[in-house]
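A.B. asks: My structure is below; once you've seen it, I'll send some questions.
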Amino acid sequence: MNDQQKNITLCTVTPVYAGQDYLIELVARLDEVRNDWNKSDSPLRLIESIFVDDGSIDNSAATLEDLKAKYSWIRVVSLSRNFGQHAATSAGVCHSSADWVVTLDEDLQHEPKLIEELFYIQSKTSADVVYAKPKSDIHGGGWRDKSSKLVKKVLAKLTSTPQIVLFSSFRLIRGDIARAAASSSTRNTYFDIALSWYTKSAYSVRLDINDDRYVSHNQSGYGLIKLINHARRLIISSDLDVASYGMLLGLSSVVAAGLLAISLVIVKMFTPSAIGLEGWTSLIVMVTFFSGVLIALLCLVLEYLSIIVLNNLGKPTFFSIDRSADKVLKKWFDLKSE
Amino acid sequence: MNVHSFKLEENAAKLLLVVGGGLVGSAILRQLLLSHNYVLNTAWKNSDWLSPLDLINHTKELISLNKVIDFEIVWAAGKGGFSSSLEDMHTENKFFESYLLACSEFNSLSIKVNLISSAGGIYENSELVESIDQISPSRPYAHSKLQQERFLAEIGLVSRVYRLSSVYGIGGTRIGLVTNLLAGANFRYPVVIYANQNTLRDYIWNVDCAKQVVTDIVEERALGVRVVASGRPTSIFMLSNIVRSVTGKPILENYRPDGTNEKNILFSLKMLDSNYTASSLESSLSLINKTVNLAGKAILGYP
């Protein structure tokens with residue numbers, strides 16, 4: 001098959017928890033996008049939509065079964081209990097086989113028609129992950145938006161993962177990377193952190209996204225405790241550089257103690273009267289020196305622990321990828337814009 | 001070639017012959033022994049694929065001694081594998097055709113054949129298989145399997161054909177990728193993988209396949225061609241992660257992508273056999289890992 005004829009396959013993954021009011025409409029919109037692509041000269045093909053029933057608390061399971069019977073490209077994965085959005089996303093991704101995966105929320109917050117815009121950004125940037133960010137605050141500018149932004153900004157500074165500030169549940173991910181990240185993740189791994197283990201090539205695009213369920217009905221799948229757990233998982237999964245900074249501080253203290261000791265000896269030799277109180281100089285030097293040693297040793301232990309934890313969380317040594325099919329999409333979008 | 005014969009019940013008028021003791025054949029044998037243990041004759045061996053007459057005579061003897069009116073064969077034998085030459089497959093096919101032609105001439109017997117075929121070979125050049133007729137073989141092995149399927153239809157033998165996806169498990173003399181990964185993790189040797197990390201396949205456990213074949217025979221389920229796959233695509237990387245998780249040990253992987261071995265081979269859910277129940281990779285690999293640990297390096301053929 002030559003480049004012009006090759007199709008780029010897509011699979012959507014949607015974790016479902018309380019989506020009975022939205023699923024039928026969501027699938028109808030996905031169907032519309034699917035048909036539009038099939039009829040046009042687009043190389044994009046939506047080959048399947050995977051819905052993960054994450055211990056849903058309403059009639060979502062029955063609705064999904066009806067949708068599965070009606071549409072041959074709908075697939076349902078039922079989890080034995082509620083495992084959480086990230087675990088459900090991983091489960092869905094692990095059942096995918098397409099070139100690209102798009103994750104969507106159940107509640108029509110993420111309009112299927114916007115998927116093509118994610119692909120457009122991908123074609124321009126050759127990114128492996130494209131996140132959709134809202135043009136305005138997604139939850140009406142309340143405490144959720146502010147706290148979420150703050151935690152992400154702080155972590156982006158403290159870790160070697162600046163793409164943390166881009167994270168969103170509406171994402172386009174290269175299929176191989178999505179599956180690798182999903183299969184590496186454990187129950188404490190934040191899915192997007194797992195993605196960052198495989199690629200640093202992540203971009204974002206601003207789209208019209210609003211959580212109507214939250215803004216209008218003040219309903220959300222996340223209470224305060226769940227949000228705190230969410231943040232906890234994000235912190236635990238991240239490779240915090242605190243240990244490195246701490247080690248630097250500790251070693252700096254040791255060196256400073258040495259230099260201080262030398263300078264104080266010189267002062268004592270040439271101007272003994274400059275040091276009035278007996279004993280404080282050696283005390284200061286010893287405190288500085290041993291504090292530095294203790295901090296350095298603790299941070300060394302922290303580094304080892306961090307390596308073990310990240311290993312257990314699934315961080316890989318290496319991963320190979322083939323991006324040769326990207327030119328098909330690039331060519332199509334270039335032609336479309338002419 | 002190993003041949004085992006069974007009756008499903010002591011006084012039944014039906015004879016079941018299982019030809020083959022490899023990955024799938026041995027699993028079918030174990031399943032039969034577990035669920036229906038009236039064994040007539042075990043381990044009739046013939047390592048020479050040149051004399052179908054021996055097997056024909058053996059079969060005639062069994063039929064006349066046991067006064068059967070129903071005769072069912074499970075053909076899970078294979079001289080060749082994926083990398084077999086045309087000549088190897090020619091020998092195998094000649095034997096297969098001679099034997100079955102002779103069987104078709106047994107008078108007043110109702111005969112059925114259950115042929116273990118290969119979806120991985122027959123659909124090798126199709127990345128996503130959406131219909132049973134979307135065949136695209138390239139190797140002598142796959143062409144040979146198709147020839148066997150067609151031969152059954154030509155001589156009018158009633159049959160079930162099982163086109164199996166990528167089978168893993170313990171059994172036979174060949175060590176497959178999954179067992180190799182488990183052994184490599186446990187015994188710390190590098191595993192050579194002739195595909196790339198992201199190659200997607202549909203892996204099915206030989207134990208699950210055997211359960212389906214035996215249940216189809218016992219319950220006299222529908223005839224015809226079926227594709228047996230789990231519907232869960234898994235990449236080599238994902239497989240390695242499961243092996244690491246199950247063994248708790250690292251794997252020394254050596255990737256050597258090799259032409260057609262790199263291709264994805266996946267199956268649309270709508271065309272899969274609904275009677276097939278797939279165990280999860282995690283649970284089946286845990287069980288296989290225990291066997292690998294118990295068997296030790298003997299599983300690799302070392303003393």
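Labels used: A, B, ... for chains in the order of the structure tokens, numbers from 1 for residues in each chain, and numbers from 1 for ligands as shown.
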Would you pick out the contacts of region 203-216 of chain B at 10 Å or less, using only C-alpha atoms, so that residues sharing its chain but fewer than 2 positions from it are not included, and give the list as a compact mmCIF listing (two decimals) with all heavy atoms, in the first residue's frame?

C.D. replies:
```
# COMPACT_ATOMS: atom_id res chain seq x y z
N LEU B 23 2.01 -28.76 20.48
CA LEU B 23 1.49 -27.72 21.38
C LEU B 23 -0.03 -27.85 21.56
O LEU B 23 -0.53 -27.82 22.68
CB LEU B 23 1.84 -26.35 20.78
CG LEU B 23 1.47 -25.11 21.58
CD1 LEU B 23 2.13 -25.10 22.95
CD2 LEU B 23 1.85 -23.84 20.82
N VAL B 24 -0.74 -28.01 20.44
CA VAL B 24 -2.21 -28.09 20.54
C VAL B 24 -2.65 -29.53 20.81
O VAL B 24 -3.52 -29.78 21.64
CB VAL B 24 -2.85 -27.55 19.25
CG1 VAL B 24 -4.35 -27.70 19.30
CG2 VAL B 24 -2.49 -26.08 19.06
N GLY B 25 -2.02 -30.48 20.10
CA GLY B 25 -2.38 -31.88 20.26
C GLY B 25 -2.25 -32.36 21.69
O GLY B 25 -3.14 -33.05 22.22
N SER B 26 -1.15 -32.01 22.33
CA SER B 26 -0.94 -32.48 23.72
C SER B 26 -1.97 -31.86 24.66
O SER B 26 -2.42 -32.52 25.61
CB SER B 26 0.49 -32.14 24.19
OG SER B 26 0.69 -30.75 24.17
N ALA B 27 -2.36 -30.63 24.40
CA ALA B 27 -3.36 -29.97 25.25
C ALA B 27 -4.73 -30.65 25.07
O ALA B 27 -5.47 -30.85 26.05
CB ALA B 27 -3.47 -28.48 24.92
N ILE B 28 -5.03 -31.04 23.83
CA ILE B 28 -6.30 -31.74 23.57
C ILE B 28 -6.30 -33.09 24.28
O ILE B 28 -7.29 -33.50 24.89
CB ILE B 28 -6.53 -31.90 22.05
CG1 ILE B 28 -6.80 -30.54 21.42
CG2 ILE B 28 -7.68 -32.87 21.76
CD1 ILE B 28 -6.87 -30.52 19.91
N LEU B 29 -5.16 -33.78 24.24
CA LEU B 29 -5.03 -35.06 24.93
C LEU B 29 -5.27 -34.90 26.42
O LEU B 29 -6.01 -35.67 27.03
CB LEU B 29 -3.63 -35.63 24.72
CG LEU B 29 -3.37 -36.21 23.35
CD1 LEU B 29 -1.91 -36.54 23.21
CD2 LEU B 29 -4.21 -37.46 23.14
N ARG B 30 -4.64 -33.89 27.01
CA ARG B 30 -4.79 -33.68 28.46
C ARG B 30 -6.25 -33.38 28.79
O ARG B 30 -6.79 -33.88 29.78
CB ARG B 30 -3.92 -32.51 28.92
CG ARG B 30 -2.47 -32.85 29.15
CD ARG B 30 -1.74 -31.75 29.93
NE ARG B 30 -1.73 -30.47 29.25
CZ ARG B 30 -0.83 -30.11 28.32
NH1 ARG B 30 0.12 -30.93 27.96
NH2 ARG B 30 -0.89 -28.91 27.75
N GLN B 31 -6.89 -32.60 27.94
CA GLN B 31 -8.28 -32.21 28.19
C GLN B 31 -9.18 -33.44 28.11
O GLN B 31 -10.08 -33.62 28.92
CB GLN B 31 -8.71 -31.15 27.16
CG GLN B 31 -10.06 -30.53 27.42
CD GLN B 31 -10.17 -29.84 28.75
OE1 GLN B 31 -9.20 -29.28 29.26
NE2 GLN B 31 -11.35 -29.88 29.35
N LEU B 32 -8.90 -34.31 27.13
CA LEU B 32 -9.69 -35.53 26.99
C LEU B 32 -9.48 -36.45 28.18
O LEU B 32 -10.42 -37.03 28.70
CB LEU B 32 -9.32 -36.26 25.70
CG LEU B 32 -9.94 -35.67 24.43
CD1 LEU B 32 -9.28 -36.25 23.20
CD2 LEU B 32 -11.45 -35.93 24.39
N SER B 35 -11.44 -35.02 31.14
CA SER B 35 -12.91 -35.01 31.12
C SER B 35 -13.51 -36.34 30.67
O SER B 35 -14.61 -36.67 31.08
CB SER B 35 -13.40 -33.89 30.20
OG SER B 35 -12.84 -34.02 28.92
N HIS B 36 -12.82 -37.07 29.82
CA HIS B 36 -13.37 -38.34 29.33
C HIS B 36 -12.23 -39.33 29.28
O HIS B 36 -11.38 -39.28 28.41
CB HIS B 36 -13.96 -38.16 27.92
CG HIS B 36 -15.07 -37.16 27.89
ND1 HIS B 36 -14.85 -35.82 27.72
CD2 HIS B 36 -16.39 -37.30 28.06
CE1 HIS B 36 -15.99 -35.19 27.77
NE2 HIS B 36 -16.95 -36.06 27.97
N VAL B 74 -9.22 -35.91 15.22
CA VAL B 74 -8.67 -34.57 15.47
C VAL B 74 -7.28 -34.58 14.86
O VAL B 74 -6.41 -35.34 15.29
CB VAL B 74 -8.57 -34.26 16.99
CG1 VAL B 74 -7.93 -32.89 17.20
CG2 VAL B 74 -9.94 -34.30 17.65
N ASN B 114 -11.73 -32.96 12.60
CA ASN B 114 -11.48 -31.66 13.24
C ASN B 114 -10.04 -31.29 12.91
O ASN B 114 -9.11 -31.92 13.42
CB ASN B 114 -11.63 -31.77 14.76
CG ASN B 114 -13.04 -32.15 15.16
OD1 ASN B 114 -13.91 -31.29 15.25
ND2 ASN B 114 -13.27 -33.44 15.36
N LEU B 115 -9.88 -30.32 12.02
CA LEU B 115 -8.55 -29.97 11.54
C LEU B 115 -8.03 -28.73 12.27
O LEU B 115 -8.70 -27.69 12.30
CB LEU B 115 -8.59 -29.71 10.04
CG LEU B 115 -7.30 -29.18 9.40
CD1 LEU B 115 -6.19 -30.22 9.48
CD2 LEU B 115 -7.54 -28.79 7.94
N ILE B 116 -6.85 -28.85 12.86
CA ILE B 116 -6.22 -27.69 13.50
C ILE B 116 -5.41 -26.98 12.42
O ILE B 116 -4.40 -27.50 11.93
CB ILE B 116 -5.32 -28.10 14.67
CG1 ILE B 116 -6.09 -28.95 15.68
CG2 ILE B 116 -4.72 -26.86 15.35
CD1 ILE B 116 -7.28 -28.28 16.33
N ARG B 160 -14.81 -29.76 10.99
CA ARG B 160 -14.66 -28.46 11.66
C ARG B 160 -13.20 -28.06 11.43
O ARG B 160 -12.30 -28.89 11.61
CB ARG B 160 -14.88 -28.57 13.17
CG ARG B 160 -16.28 -28.87 13.61
CD ARG B 160 -16.39 -28.88 15.13
NE ARG B 160 -17.63 -29.54 15.51
CZ ARG B 160 -17.74 -30.84 15.82
NH1 ARG B 160 -16.67 -31.60 15.85
NH2 ARG B 160 -18.91 -31.35 16.11
N VAL B 161 -13.00 -26.83 11.05
CA VAL B 161 -11.64 -26.34 10.84
C VAL B 161 -11.39 -25.22 11.84
O VAL B 161 -12.17 -24.27 11.92
CB VAL B 161 -11.45 -25.82 9.40
CG1 VAL B 161 -10.07 -25.18 9.25
CG2 VAL B 161 -11.64 -26.95 8.39
N TYR B 162 -10.32 -25.36 12.60
CA TYR B 162 -9.97 -24.36 13.62
C TYR B 162 -8.76 -23.58 13.14
O TYR B 162 -7.64 -24.09 13.13
CB TYR B 162 -9.63 -25.04 14.95
CG TYR B 162 -10.79 -25.78 15.56
CD1 TYR B 162 -11.03 -27.11 15.24
CD2 TYR B 162 -11.66 -25.14 16.45
CE1 TYR B 162 -12.11 -27.78 15.79
CE2 TYR B 162 -12.73 -25.81 17.00
CZ TYR B 162 -12.96 -27.13 16.66
OH TYR B 162 -14.03 -27.79 17.20
N LEU B 164 -6.39 -21.22 14.20
CA LEU B 164 -5.98 -20.68 15.49
C LEU B 164 -5.04 -19.50 15.31
O LEU B 164 -4.15 -19.52 14.47
CB LEU B 164 -5.26 -21.76 16.31
CG LEU B 164 -6.00 -23.08 16.55
CD1 LEU B 164 -5.15 -24.01 17.40
CD2 LEU B 164 -7.33 -22.84 17.23
N SER B 165 -5.25 -18.52 16.15
CA SER B 165 -4.37 -17.36 16.17
C SER B 165 -3.03 -17.78 16.81
O SER B 165 -2.73 -18.96 16.86
CB SER B 165 -5.05 -16.24 16.94
OG SER B 165 -4.23 -15.11 16.99
N SER B 166 -2.27 -16.87 17.35
CA SER B 166 -0.94 -17.19 17.89
C SER B 166 -1.06 -17.99 19.19
O SER B 166 -1.39 -17.44 20.23
CB SER B 166 -0.15 -15.91 18.16
OG SER B 166 -0.08 -15.15 16.98
N VAL B 167 -0.77 -19.29 19.11
CA VAL B 167 -0.97 -20.16 20.27
C VAL B 167 0.28 -20.18 21.15
O VAL B 167 1.40 -20.26 20.66
CB VAL B 167 -1.28 -21.61 19.82
CG1 VAL B 167 -1.63 -22.47 21.04
CG2 VAL B 167 -2.43 -21.63 18.83
N TYR B 168 0.06 -20.12 22.44
CA TYR B 168 1.17 -20.24 23.38
C TYR B 168 0.82 -21.31 24.41
O TYR B 168 -0.34 -21.68 24.56
CB TYR B 168 1.47 -18.90 24.08
CG TYR B 168 0.38 -18.40 24.99
CD1 TYR B 168 0.36 -18.72 26.35
CD2 TYR B 168 -0.66 -17.61 24.50
CE1 TYR B 168 -0.66 -18.26 27.19
CE2 TYR B 168 -1.68 -17.14 25.33
CZ TYR B 168 -1.67 -17.48 26.66
OH TYR B 168 -2.68 -17.02 27.48
N GLY B 169 1.83 -21.77 25.12
CA GLY B 169 1.59 -22.76 26.15
C GLY B 169 2.73 -23.76 26.21
O GLY B 169 3.76 -23.60 25.54
N ILE B 170 2.52 -24.80 27.01
CA ILE B 170 3.53 -25.85 27.17
C ILE B 170 3.03 -27.07 26.42
O ILE B 170 1.85 -27.45 26.55
CB ILE B 170 3.71 -26.22 28.66
CG1 ILE B 170 4.05 -24.99 29.48
CG2 ILE B 170 4.73 -27.33 28.80
CD1 ILE B 170 5.48 -24.62 29.55
N GLY B 171 3.91 -27.71 25.65
CA GLY B 171 3.52 -28.90 24.93
C GLY B 171 4.35 -29.04 23.67
O GLY B 171 4.73 -28.04 23.07
N VAL B 178 6.33 -17.09 24.12
CA VAL B 178 5.91 -16.84 25.50
C VAL B 178 6.71 -17.70 26.48
O VAL B 178 7.23 -17.21 27.48
CB VAL B 178 4.39 -17.09 25.65
CG1 VAL B 178 3.98 -17.08 27.11
CG2 VAL B 178 3.60 -16.05 24.87
N LEU B 200 1.81 -6.38 17.01
CA LEU B 200 0.59 -6.80 17.70
C LEU B 200 0.14 -8.17 17.21
O LEU B 200 0.06 -8.41 16.01
CB LEU B 200 -0.54 -5.79 17.45
CG LEU B 200 -0.45 -4.46 18.18
CD1 LEU B 200 -1.44 -3.47 17.60
CD2 LEU B 200 -0.72 -4.62 19.66
N ARG B 201 -0.17 -9.04 18.13
CA ARG B 201 -0.72 -10.35 17.79
C ARG B 201 -1.87 -10.64 18.77
O ARG B 201 -2.04 -9.98 19.78
CB ARG B 201 0.34 -11.45 17.93
CG ARG B 201 1.46 -11.36 16.92
CD ARG B 201 0.94 -11.65 15.51
NE ARG B 201 1.85 -11.20 14.50
CZ ARG B 201 2.87 -11.91 14.02
NH1 ARG B 201 3.09 -13.13 14.48
NH2 ARG B 201 3.65 -11.40 13.10
N VAL B 218 -17.78 -33.17 22.00
CA VAL B 218 -18.70 -33.82 22.94
C VAL B 218 -20.13 -33.33 22.73
O VAL B 218 -21.08 -34.11 22.74
CB VAL B 218 -18.23 -33.55 24.39
CG1 VAL B 218 -19.28 -33.93 25.40
CG2 VAL B 218 -16.93 -34.28 24.66
N GLU B 219 -20.28 -32.05 22.51
CA GLU B 219 -21.63 -31.49 22.36
C GLU B 219 -22.08 -31.44 20.91
O GLU B 219 -23.14 -30.89 20.60
CB GLU B 219 -21.67 -30.07 22.97
CG GLU B 219 -21.46 -30.10 24.48
CD GLU B 219 -21.52 -28.73 25.13
OE1 GLU B 219 -21.91 -27.73 24.47
OE2 GLU B 219 -21.16 -28.65 26.32
N GLU B 220 -21.26 -31.99 20.04
CA GLU B 220 -21.60 -32.08 18.60
C GLU B 220 -22.04 -30.73 18.05
O GLU B 220 -23.10 -30.59 17.43
CB GLU B 220 -22.67 -33.15 18.37
CG GLU B 220 -22.14 -34.53 18.76
CD GLU B 220 -23.11 -35.64 18.45
OE1 GLU B 220 -24.25 -35.36 18.04
OE2 GLU B 220 -22.70 -36.81 18.62
N ARG B 221 -21.19 -29.75 18.27
CA ARG B 221 -21.49 -28.39 17.82
C ARG B 221 -21.30 -28.24 16.31
O ARG B 221 -20.77 -29.13 15.64
CB ARG B 221 -20.60 -27.39 18.55
CG ARG B 221 -21.01 -27.17 20.00
CD ARG B 221 -20.28 -25.97 20.53
NE ARG B 221 -20.45 -25.81 21.96
CZ ARG B 221 -19.51 -25.31 22.76
NH1 ARG B 221 -18.34 -24.95 22.27
NH2 ARG B 221 -19.76 -25.15 24.04
N ALA B 222 -21.70 -27.07 15.84
CA ALA B 222 -21.73 -26.81 14.40
C ALA B 222 -20.39 -27.06 13.71
O ALA B 222 -19.32 -26.88 14.28
CB ALA B 222 -22.15 -25.36 14.15
N LEU B 223 -20.52 -27.48 12.44
CA LEU B 223 -19.33 -27.74 11.62
C LEU B 223 -18.91 -26.45 10.90
O LEU B 223 -19.57 -25.43 11.04
CB LEU B 223 -19.67 -28.83 10.60
CG LEU B 223 -20.21 -30.12 11.22
CD1 LEU B 223 -20.90 -30.97 10.16
CD2 LEU B 223 -19.09 -30.91 11.86
N VAL B 228 -10.25 -18.84 15.71
CA VAL B 228 -10.18 -18.84 17.17
C VAL B 228 -9.14 -17.82 17.62
O VAL B 228 -7.94 -17.97 17.36
CB VAL B 228 -9.82 -20.25 17.70
CG1 VAL B 228 -9.77 -20.25 19.22
CG2 VAL B 228 -10.81 -21.28 17.20
N ALA B 229 -9.62 -16.77 18.25
CA ALA B 229 -8.73 -15.71 18.75
C ALA B 229 -9.41 -15.08 19.95
O ALA B 229 -10.61 -15.27 20.16
CB ALA B 229 -8.47 -14.68 17.66
N SER B 230 -8.66 -14.33 20.73
CA SER B 230 -9.22 -13.77 21.96
C SER B 230 -9.86 -12.41 21.74
O SER B 230 -10.66 -11.96 22.54
CB SER B 230 -8.12 -13.63 23.02
OG SER B 230 -7.22 -12.59 22.62
N GLY B 231 -9.47 -11.73 20.65
CA GLY B 231 -9.97 -10.37 20.43
C GLY B 231 -9.20 -9.34 21.23
O GLY B 231 -9.56 -8.17 21.24
N ARG B 232 -8.13 -9.77 21.90
CA ARG B 232 -7.35 -8.80 22.68
C ARG B 232 -5.96 -8.68 22.06
O ARG B 232 -5.10 -9.53 22.28
CB ARG B 232 -7.25 -9.27 24.13
CG ARG B 232 -6.42 -8.30 24.98
CD ARG B 232 -6.25 -8.77 26.40
NE ARG B 232 -5.13 -8.07 27.04
CZ ARG B 232 -4.71 -8.29 28.27
NH1 ARG B 232 -5.30 -9.19 29.02
NH2 ARG B 232 -3.68 -7.62 28.76
N PRO B 233 -5.72 -7.63 21.32
CA PRO B 233 -4.40 -7.48 20.70
C PRO B 233 -3.34 -7.19 21.77
O PRO B 233 -3.60 -6.43 22.70
CB PRO B 233 -4.56 -6.26 19.79
CG PRO B 233 -5.90 -5.71 20.04
CD PRO B 233 -6.60 -6.50 21.07
N THR B 234 -2.19 -7.82 21.61
CA THR B 234 -1.11 -7.62 22.59
C THR B 234 0.20 -7.44 21.84
O THR B 234 0.51 -8.22 20.95
CB THR B 234 -1.00 -8.86 23.50
OG1 THR B 234 -2.28 -9.14 24.07
CG2 THR B 234 0.00 -8.65 24.62
N SER B 235 0.94 -6.43 22.21
CA SER B 235 2.24 -6.23 21.56
C SER B 235 3.30 -7.04 22.31
O SER B 235 3.09 -7.47 23.46
CB SER B 235 2.62 -4.74 21.57
OG SER B 235 2.89 -4.31 22.90
N LEU B 239 3.57 -8.01 26.24
CA LEU B 239 3.80 -9.40 26.67
C LEU B 239 5.00 -9.46 27.62
O LEU B 239 4.95 -10.12 28.67
CB LEU B 239 4.08 -10.23 25.42
CG LEU B 239 3.92 -11.73 25.47
CD1 LEU B 239 2.52 -12.10 25.90
CD2 LEU B 239 4.21 -12.31 24.09
N LEU B 266 -4.33 -9.17 13.32
CA LEU B 266 -5.41 -9.00 14.29
C LEU B 266 -6.75 -9.38 13.67
O LEU B 266 -6.88 -9.39 12.45
CB LEU B 266 -5.47 -7.54 14.76
CG LEU B 266 -4.17 -7.04 15.41
CD1 LEU B 266 -4.21 -5.55 15.57
CD2 LEU B 266 -3.97 -7.70 16.76
N ASP B 273 -15.00 -16.89 16.85
CA ASP B 273 -15.87 -17.96 17.32
C ASP B 273 -16.37 -17.60 18.72
O ASP B 273 -15.58 -17.46 19.65
CB ASP B 273 -15.08 -19.27 17.36
CG ASP B 273 -15.95 -20.46 17.65
OD1 ASP B 273 -17.14 -20.28 18.02
OD2 ASP B 273 -15.45 -21.59 17.51
N ASN B 275 -17.83 -19.36 20.79
CA ASN B 275 -17.71 -20.42 21.79
C ASN B 275 -16.38 -20.42 22.50
O ASN B 275 -16.19 -21.13 23.48
CB ASN B 275 -17.90 -21.80 21.11
CG ASN B 275 -19.33 -22.00 20.70
OD1 ASN B 275 -20.24 -21.62 21.41
ND2 ASN B 275 -19.53 -22.56 19.52
N TYR B 276 -15.46 -19.63 21.98
CA TYR B 276 -14.13 -19.63 22.57
C TYR B 276 -14.07 -18.70 23.77
O TYR B 276 -14.45 -17.54 23.69
CB TYR B 276 -13.09 -19.21 21.53
CG TYR B 276 -11.69 -19.14 22.08
CD1 TYR B 276 -11.00 -20.31 22.39
CD2 TYR B 276 -11.07 -17.91 22.33
CE1 TYR B 276 -9.72 -20.25 22.92
CE2 TYR B 276 -9.80 -17.85 22.86
CZ TYR B 276 -9.13 -19.02 23.16
OH TYR B 276 -7.87 -18.97 23.68
N THR B 277 -13.63 -19.23 24.89
CA THR B 277 -13.48 -18.41 26.10
C THR B 277 -11.99 -18.26 26.39
O THR B 277 -11.30 -19.24 26.62
CB THR B 277 -14.14 -19.09 27.32
OG1 THR B 277 -15.45 -19.48 26.96
CG2 THR B 277 -14.19 -18.16 28.51
N ALA B 278 -11.53 -17.02 26.36
CA ALA B 278 -10.10 -16.78 26.53
C ALA B 278 -9.74 -16.51 27.98
O ALA B 278 -10.36 -15.68 28.63
CB ALA B 278 -9.69 -15.58 25.67
N SER B 279 -8.73 -17.21 28.47
CA SER B 279 -8.18 -16.86 29.79
C SER B 279 -7.34 -15.61 29.62
O SER B 279 -6.80 -15.36 28.53
CB SER B 279 -7.27 -17.98 30.29
OG SER B 279 -7.97 -19.17 30.40
N SER B 280 -7.20 -14.84 30.68
CA SER B 280 -6.37 -13.64 30.56
C SER B 280 -4.91 -14.05 30.48
O SER B 280 -4.50 -15.08 31.04
CB SER B 280 -6.59 -12.72 31.76
OG SER B 280 -5.98 -13.28 32.91
N LEU B 281 -4.13 -13.25 29.80
CA LEU B 281 -2.70 -13.53 29.67
C LEU B 281 -2.04 -13.59 31.04
O LEU B 281 -1.17 -14.42 31.30
CB LEU B 281 -2.02 -12.43 28.84
CG LEU B 281 -2.07 -12.62 27.34
CD1 LEU B 281 -1.67 -11.33 26.63
CD2 LEU B 281 -1.17 -13.75 26.90
N SER B 284 -2.91 -17.00 32.76
CA SER B 284 -2.33 -18.18 32.09
C SER B 284 -0.80 -18.16 32.18
O SER B 284 -0.17 -19.19 32.41
CB SER B 284 -2.77 -18.25 30.63
OG SER B 284 -2.43 -17.05 29.96
N LEU B 285 -0.21 -16.98 32.06
CA LEU B 285 1.25 -16.90 32.16
C LEU B 285 1.73 -17.23 33.57
O LEU B 285 2.81 -17.78 33.75
CB LEU B 285 1.75 -15.52 31.72
CG LEU B 285 2.30 -15.49 30.29
CD1 LEU B 285 1.21 -15.77 29.28
CD2 LEU B 285 2.96 -14.16 29.99
N ILE B 288 1.75 -21.00 33.61
CA ILE B 288 2.84 -21.53 32.78
C ILE B 288 4.18 -21.28 33.48
O ILE B 288 5.08 -22.13 33.45
CB ILE B 288 2.84 -20.89 31.38
CG1 ILE B 288 1.56 -21.28 30.64
CG2 ILE B 288 4.04 -21.35 30.55
CD1 ILE B 288 1.34 -20.52 29.34
```

A.B. asks: Mind listing the alpha helix (DSSP H) residues of region 57-292 of chain A, per DSSP on the backbone, as a ChimeraX atom specification?

C.D. replies: /A:60-70,85-94,115-125,143-158,175-184,191-196,212-217,224-237,242-270,280-292

A.B. asks: Hey, list the chain A side of the contact with chain B: 7 Å cut-off, only C-alpha atoms, answer as a list in words.

C.D. replies: His95, Ser96, Ser97, Asp176, Ala180, Ser183, Ser184 and Ser320 of chain A

A.B. asks: Keeping only N, CA and C atoms, write those residues as a compact mmCIF listing (two decimals), in the first residue's frame.

C.D. replies:
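The resulting file, result-v2.txt, is reproduced below:
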```
# COMPACT_ATOMS: atom_id res chain seq x y z
N HIS A 95 -6.69 -2.84 25.19
CA HIS A 95 -7.52 -3.61 24.26
C HIS A 95 -7.54 -2.99 22.86
N SER A 96 -6.74 -1.96 22.67
CA SER A 96 -6.78 -1.25 21.38
C SER A 96 -5.75 -1.83 20.43
N SER A 97 -5.92 -1.51 19.13
CA SER A 97 -4.93 -1.97 18.16
C SER A 97 -4.66 -0.92 17.09
N ASP A 176 1.20 2.88 19.72
CA ASP A 176 2.23 2.04 20.34
C ASP A 176 2.65 2.60 21.69
N ALA A 180 2.09 0.84 25.32
CA ALA A 180 3.28 0.60 26.16
C ALA A 180 3.08 1.22 27.54
N SER A 183 0.38 -0.68 29.53
CA SER A 183 0.79 -2.01 30.02
C SER A 183 1.87 -1.89 31.09
N SER A 184 2.59 -0.77 31.13
CA SER A 184 3.62 -0.57 32.17
C SER A 184 3.01 -0.08 33.47
N SER A 320 11.30 1.50 21.45
CA SER A 320 11.51 1.90 20.05
C SER A 320 10.17 2.24 19.40
```

A.B. asks: So the first atom is CA of Ile175 (chain B) and the second is CA of Ser136 (chain B); what is the distance between them in Å, to one decimal place?

C.D. replies: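 Interatomic distance, CA of Ile175 (chain B) to CA of Ser136 (chain B): 25.8 Å.
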
A.B. asks: For Pro140 (chain B), list every protein, DNA or RNA residue within 7 Å, evaluated using only C-alpha atoms, and leave out those in the same chain fewer than 2 positions away; present the list as a PyMOL selection string.

C.D. replies: chain B and resi 84-86+89+138+142-144

A.B. asks: Can you tell me which residues surround Ile155 (chain B) at a distance of at most 12 Å, considering only C-alpha atoms, apart from same-chain residues fewer than 2 positions away, and format the answer as a list in words?

C.D. replies: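 My reading of the contact set: Glu97, Ser98, Tyr99, Leu100, Leu101, Ala102, Cys103, Ser104, Glu105, Ile111, Val113, Gln148, Glu149, Arg150, Phe151, Leu152, Ala153, Leu157, Val158 and Ser159 of chain B.
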
A.B. asks: Identify, on the basis of only C-alpha atoms, every residue whose closest approach to region 125-127 of chain A does not exceed 10 Å; exclude the query and any residue fewer than 3 positions from it along the same chain; express the result as a ChimeraX atom specification.

C.D. replies: /A:119-122,130,172-174,199-204,323,326-327,329-330

A.B. asks: Just the residues within 9 Å of Leu177 (chain B), please, counting only C-alpha atoms, with nothing from its chain fewer than 5 positions along; format it as JSON, numbers by chain.

C.D. replies: {"B": [168, 182, 191, 192, 193]}
